[in-house]
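Peer 1: Below: one structure in structure tokens.
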Amino acid sequence: MTYPHPLRLLGALIALVPLSACGAGSIQSSALTVGPGLSKPAALVGHWSFDEAGGLSAMDSSLSDNDMKLASTHWIPGKIGTALGFNGGGDVAGLLGSVPRELSSLQAGSVSLWFRFESVPGVDRISPLLHLGDGHGGKRHSGLEIEIGHYGAGTRLFFTLYTSNGFIPLCYDTGFDLELHRWYHFVGVVGPDGNTGYLDGLELTDRHYNFGDATASNFLDEVEHPDVLWLGRGFLGHIPTLQEHLGGIDDLRIYSKPLSGAEVSALYQLGSGSQPLIAAEPPRVAVEREQTGSLRVRVTDAEPFGPVLVIGRARGIDWPLASPVSADARGEVELLLERQPAWPELEQLRVEARNGAAVEAAPPGD
């Protein structure tokens, strides 16, 4: 079922009017406003809102009409309507086969997206948000990556472009770690005279350059084999090992022009105070007693990635049966709770999640 969202209607009303330069170097841009016109902005060459809340594709509401294919992703509450959830294994969204030239040929522009991540990447691991390349990786390949983590660099966000000869003309990071389990808005901007980045509407003036500097003007056209545009899957530089994302991605936009600080702020404000389109139904729980006396607790319909706590009741007293755990992108989690001395008198179990609570009678014991 498709859920309409007011922002999808606003997409047809966005107009662009000139504004002074803002950002890196002398990058020229224009302001983002909402007006009575019915034409979509020509500079918006890709816009995937992920507000379908179901199905195997995500509509591109820009003039380009390049719909994305979805594989094993899940729908979760996002910052603007619904979003895509990734479980970190086998799920991906993207343009496959060949990325259209209106995207891959861009010499300047901006990439905007909302994201969240649910785990800290280890050494030689990343949490990839966006990958443009040939989908193979390795020393002979080039690509653009937006990722969390980089060679054990904690949870900083990286914007990296690398070429097939081992050269990395542009790579910067936030300069500080980001937090787990929360939404962020990032915009990477590249113009003829330089580059910059924004996080949650504010320019990253203290961003750290690992390669290149603020004058580098390398963008999508320098990716030599733009065969795929992936979300939730990518590579760590020239290392060919496929990496996958655990978290969420929402409202991806690609512009053929460098956005100004005012435009970035307007995009960030779109996600302020937005309400999820997925109804917050309470979770469901099923309990089985194993032959060993242990309890197997299956929770479904909890808030995706949200905390889940299992509480037992015996003789009118409640106590946690396990430490809080996190649901996956489907809002599901399964726990195997080892037998405890008081369990023969266990009356019920209560599962608490952010979207409500569910109670289930304890199965008969010995």
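FYI, nothing fancy with the structure tokens labels: chains A, B, ... in order, residues from 1 per chain, ligands from 1 as they appear.
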Can I get the residues of region 101-135 of chain A within 10 Å of region 43-60 of chain A, each with the closest pair of atoms and their distance in Å to one decimal, using only C-alpha atoms, sorted chain first then ascending number, as a tab-separated table?
Peer 2:
```
residue	atom	partner	partner_atom	distance
A:Glu102	CA	A:Val45	CA	6.7
A:Leu103	CA	A:Val45	CA	6.8
A:Leu106	CA	A:Val45	CA	9.9
A:Gly109	CA	A:Ala43	CA	8.7
A:Ser110	CA	A:Leu44	CA	9.4
A:Val111	CA	A:Gly46	CA	9.3
A:Ser112	CA	A:His47	CA	9.4
A:Leu113	CA	A:Trp48	CA	9.5
```
Peer 1: If you run DSSP on the backbone, which residues of region 123-296 of chain A are helix (DSSP H, G or I), as a ChimeraX atom specification?
Peer 2: /A:220-222,261-270
Peer 1: Go ahead and dump the residues you just picked, N, CA and C atoms, as a PDB file, in the first residue's frame.
Peer 2:
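Result saved to part-v1.pdb:
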```
ATOM      1  N   LEU A 220      31.104  13.419  -9.196  1.00  0.00           N
ATOM      2  CA  LEU A 220      30.637  12.134  -9.722  1.00  0.00           C
ATOM      3  C   LEU A 220      31.212  11.780 -11.080  1.00  0.00           C
ATOM      4  N   ASP A 221      31.528  12.768 -11.896  1.00  0.00           N
ATOM      5  CA  ASP A 221      32.030  12.484 -13.244  1.00  0.00           C
ATOM      6  C   ASP A 221      33.397  11.810 -13.228  1.00  0.00           C
ATOM      7  N   GLU A 222      34.089  11.827 -12.100  1.00  0.00           N
ATOM      8  CA  GLU A 222      35.412  11.207 -12.020  1.00  0.00           C
ATOM      9  C   GLU A 222      35.351   9.734 -11.643  1.00  0.00           C
ATOM     10  N   GLY A 261      24.326  27.460   1.932  1.00  0.00           N
ATOM     11  CA  GLY A 261      24.000  27.189   3.327  1.00  0.00           C
ATOM     12  C   GLY A 261      22.519  27.377   3.607  1.00  0.00           C
ATOM     13  N   ALA A 262      21.894  28.372   2.972  1.00  0.00           N
ATOM     14  CA  ALA A 262      20.467  28.614   3.173  1.00  0.00           C
ATOM     15  C   ALA A 262      19.631  27.460   2.639  1.00  0.00           C
ATOM     16  N   GLU A 263      20.018  26.911   1.485  1.00  0.00           N
ATOM     17  CA  GLU A 263      19.291  25.786   0.913  1.00  0.00           C
ATOM     18  C   GLU A 263      19.441  24.537   1.778  1.00  0.00           C
ATOM     19  N   VAL A 264      20.646  24.307   2.263  1.00  0.00           N
ATOM     20  CA  VAL A 264      20.875  23.146   3.129  1.00  0.00           C
ATOM     21  C   VAL A 264      20.046  23.270   4.400  1.00  0.00           C
ATOM     22  N   SER A 265      20.006  24.468   4.972  1.00  0.00           N
ATOM     23  CA  SER A 265      19.204  24.691   6.176  1.00  0.00           C
ATOM     24  C   SER A 265      17.730  24.415   5.906  1.00  0.00           C
ATOM     25  N   ALA A 266      17.248  24.811   4.719  1.00  0.00           N
ATOM     26  CA  ALA A 266      15.846  24.555   4.366  1.00  0.00           C
ATOM     27  C   ALA A 266      15.571  23.057   4.265  1.00  0.00           C
ATOM     28  N   LEU A 267      16.504  22.303   3.690  1.00  0.00           N
ATOM     29  CA  LEU A 267      16.335  20.851   3.608  1.00  0.00           C
ATOM     30  C   LEU A 267      16.317  20.227   4.996  1.00  0.00           C
ATOM     31  N   TYR A 268      17.198  20.682   5.859  1.00  0.00           N
ATOM     32  CA  TYR A 268      17.243  20.149   7.222  1.00  0.00           C
ATOM     33  C   TYR A 268      15.936  20.423   7.961  1.00  0.00           C
ATOM     34  N   GLN A 269      15.372  21.608   7.760  1.00  0.00           N
ATOM     35  CA  GLN A 269      14.134  21.962   8.440  1.00  0.00           C
ATOM     36  C   GLN A 269      12.970  21.087   7.995  1.00  0.00           C
ATOM     37  N   LEU A 270      13.042  20.529   6.776  1.00  0.00           N
ATOM     38  CA  LEU A 270      11.990  19.626   6.328  1.00  0.00           C
ATOM     39  C   LEU A 270      11.861  18.413   7.245  1.00  0.00           C
TER      40      LEU A 270
END
```
Peer 1: List as a CSV table (one decimal) with C-alpha atoms, in the first residue's frame the protein and nucleic acid residues near region 348-362 of chain A, meaning an atom at most 12 Å away when only C-alpha atoms are counted, but skip any in the same chain fewer than 2 places from it.
Peer 2:
```
chain,number,residue,atom,x,y,z
A,77,PRO,CA,9.6,5.4,10.5
A,276,PRO,CA,6.3,8.8,11.0
A,278,ILE,CA,3.8,4.0,9.9
A,279,ALA,CA,1.2,3.7,12.7
A,280,ALA,CA,2.7,3.1,16.1
A,281,GLU,CA,0.9,-0.2,16.9
A,282,PRO,CA,2.0,-2.0,20.1
A,283,PRO,CA,4.4,-4.9,19.8
A,284,ARG,CA,3.4,-8.6,19.8
A,285,VAL,CA,5.0,-11.3,21.9
A,286,ALA,CA,5.0,-15.2,21.8
A,287,VAL,CA,6.6,-17.3,24.5
A,288,GLU,CA,7.6,-21.0,24.4
A,289,ARG,CA,9.2,-23.1,27.1
A,293,GLY,CA,13.2,-25.1,31.1
A,294,SER,CA,14.5,-22.0,29.2
A,295,LEU,CA,12.0,-19.6,27.7
A,296,ARG,CA,12.1,-18.6,24.1
A,297,VAL,CA,10.6,-15.1,23.6
A,298,ARG,CA,9.8,-13.8,20.1
A,299,VAL,CA,8.9,-10.1,19.8
A,300,THR,CA,7.5,-8.6,16.6
A,301,ASP,CA,6.1,-5.2,15.6
A,302,ALA,CA,8.4,-3.3,18.0
A,303,GLU,CA,9.9,0.0,16.9
A,304,PRO,CA,12.6,-0.8,14.4
A,305,PHE,CA,16.0,-0.6,16.0
A,306,GLY,CA,14.3,0.5,19.3
A,307,PRO,CA,15.0,-1.0,22.8
A,308,VAL,CA,13.0,-4.0,24.0
A,309,LEU,CA,12.8,-5.0,27.6
A,310,VAL,CA,11.3,-8.3,28.9
A,311,ILE,CA,9.8,-8.2,32.4
A,312,GLY,CA,8.5,-11.2,34.3
A,313,ARG,CA,5.9,-11.3,37.1
A,314,ALA,CA,5.8,-13.8,40.0
A,315,ARG,CA,3.9,-13.4,43.3
A,316,GLY,CA,2.9,-10.0,42.2
A,317,ILE,CA,6.5,-8.8,41.8
A,318,ASP,CA,8.0,-7.6,38.5
A,319,TRP,CA,11.6,-7.9,37.6
A,320,PRO,CA,13.7,-7.7,34.3
A,321,LEU,CA,14.4,-11.1,32.8
A,322,ALA,CA,17.3,-9.8,30.7
A,324,PRO,CA,17.5,-4.4,27.2
A,325,VAL,CA,18.1,-5.5,23.6
A,326,SER,CA,17.5,-3.8,20.3
A,327,ALA,CA,14.9,-4.8,17.6
A,331,GLY,CA,11.0,-4.5,14.5
A,332,GLU,CA,11.7,-8.1,15.5
A,333,VAL,CA,14.0,-9.8,18.2
A,334,GLU,CA,14.2,-13.3,19.7
A,335,LEU,CA,15.6,-14.1,23.1
A,337,LEU,CA,16.2,-16.8,28.5
A,343,TRP,CA,10.3,-19.6,37.0
A,344,PRO,CA,7.9,-22.4,38.1
A,345,GLU,CA,5.9,-19.6,39.7
A,346,LEU,CA,6.2,-17.2,36.7
A,364,PRO,CA,3.2,-23.9,32.1
A,365,GLY,CA,6.3,-25.0,34.0
```
Peer 1: Which residue out of A:Leu132, A:Val187, A:Val223, A:Leu246 has the minimum interatomic distance to Gln107 (chain A) when only C-alpha atoms are used?
Peer 2: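 Among A:Leu132, A:Val187, A:Val223, A:Leu246, it is A:Val223 that comes nearest to Gln107 (chain A).
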Peer 1: For the strand (DSSP E) assignment from backbone DSSP, which residues of region 33-191 of chain A qualify? Please present them as a ChimeraX atom specification.
Peer 2: /A:33-34,44-48,57-58,68-71,74-77,82-87,92-95,109-117,127-133,143-148,157-162,170-173,184-191
Peer 1: Would you compute the distance between CA of Glu224 (chain A) and CA of Gly135 (chain A)? Give it in Å to one decimal.
Peer 2: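 Interatomic distance, CA of Glu224 (chain A) to CA of Gly135 (chain A): 11.9 Å.
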Peer 1: Write out as a VMD selection string each polymer residue whose atoms come within 8 Å of Thr241 (chain A), counting only C-alpha atoms; drop sequence neighbours fewer than 4 positions from it.
Peer 2: chain A and resid 137 235 to 236
Peer 1: So that I have them on file, write out the residues from the current selection with N, CA and C atoms, as a CSV table (one decimal), in the first residue's frame.
Peer 2:
```csv
chain,number,residue,atom,x,y,z
A,137,GLY,N,34.8,-3.0,-6.5
A,137,GLY,CA,35.8,-2.6,-5.6
A,137,GLY,C,37.2,-3.2,-5.9
A,235,PHE,N,32.2,-0.1,-0.3
A,235,PHE,CA,33.5,-0.6,-0.1
A,235,PHE,C,34.4,0.4,0.7
A,236,LEU,N,35.3,-0.1,1.4
A,236,LEU,CA,36.3,0.8,2.1
A,236,LEU,C,37.4,1.1,1.2
```
Peer 1: In Å to one decimal, how far is CA of His150 (chain A) from CA of Pro240 (chain A)?
Peer 2: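 Spanning CA of Pro240 (chain A) to CA of His150 (chain A) is a straight-line distance of 14.2 Å.
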Peer 1: Contacts of His225 (chain A) at 12 Å or less, counting only C-alpha atoms, minus same-chain residues fewer than 2 places along, as a ChimeraX atom specification?
Peer 2: /A:97-101,104-105,131-137,140-144,162-164,220-223,227-229
Peer 1: Given only C-alpha atoms as the basis, pick out the residue of A:Pro226, A:Gly232, A:Gly188, A:Gly175 nearest to Asp206 (chain A).
Peer 2: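 Counting only C-alpha atoms, the residue closest to Asp206 (chain A) is A:Gly175.
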Peer 1: Between CA of Lys79 (chain A) and CA of Thr155 (chain A), measure the distance and give it in Å to one decimal.
Peer 2: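 Calculated distance between CA of Lys79 (chain A) and CA of Thr155 (chain A) is 20.5 Å.
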Peer 1: If we count only C-alpha atoms and set the cut-off at 10 Å, which residues sit around Leu129 (chain A), ignoring sequence neighbours fewer than 5 positions away in its own chain? Please answer as a PyMOL selection string.
Peer 2: chain A and resi 113-117+145-148+157-158+230-234+244-249
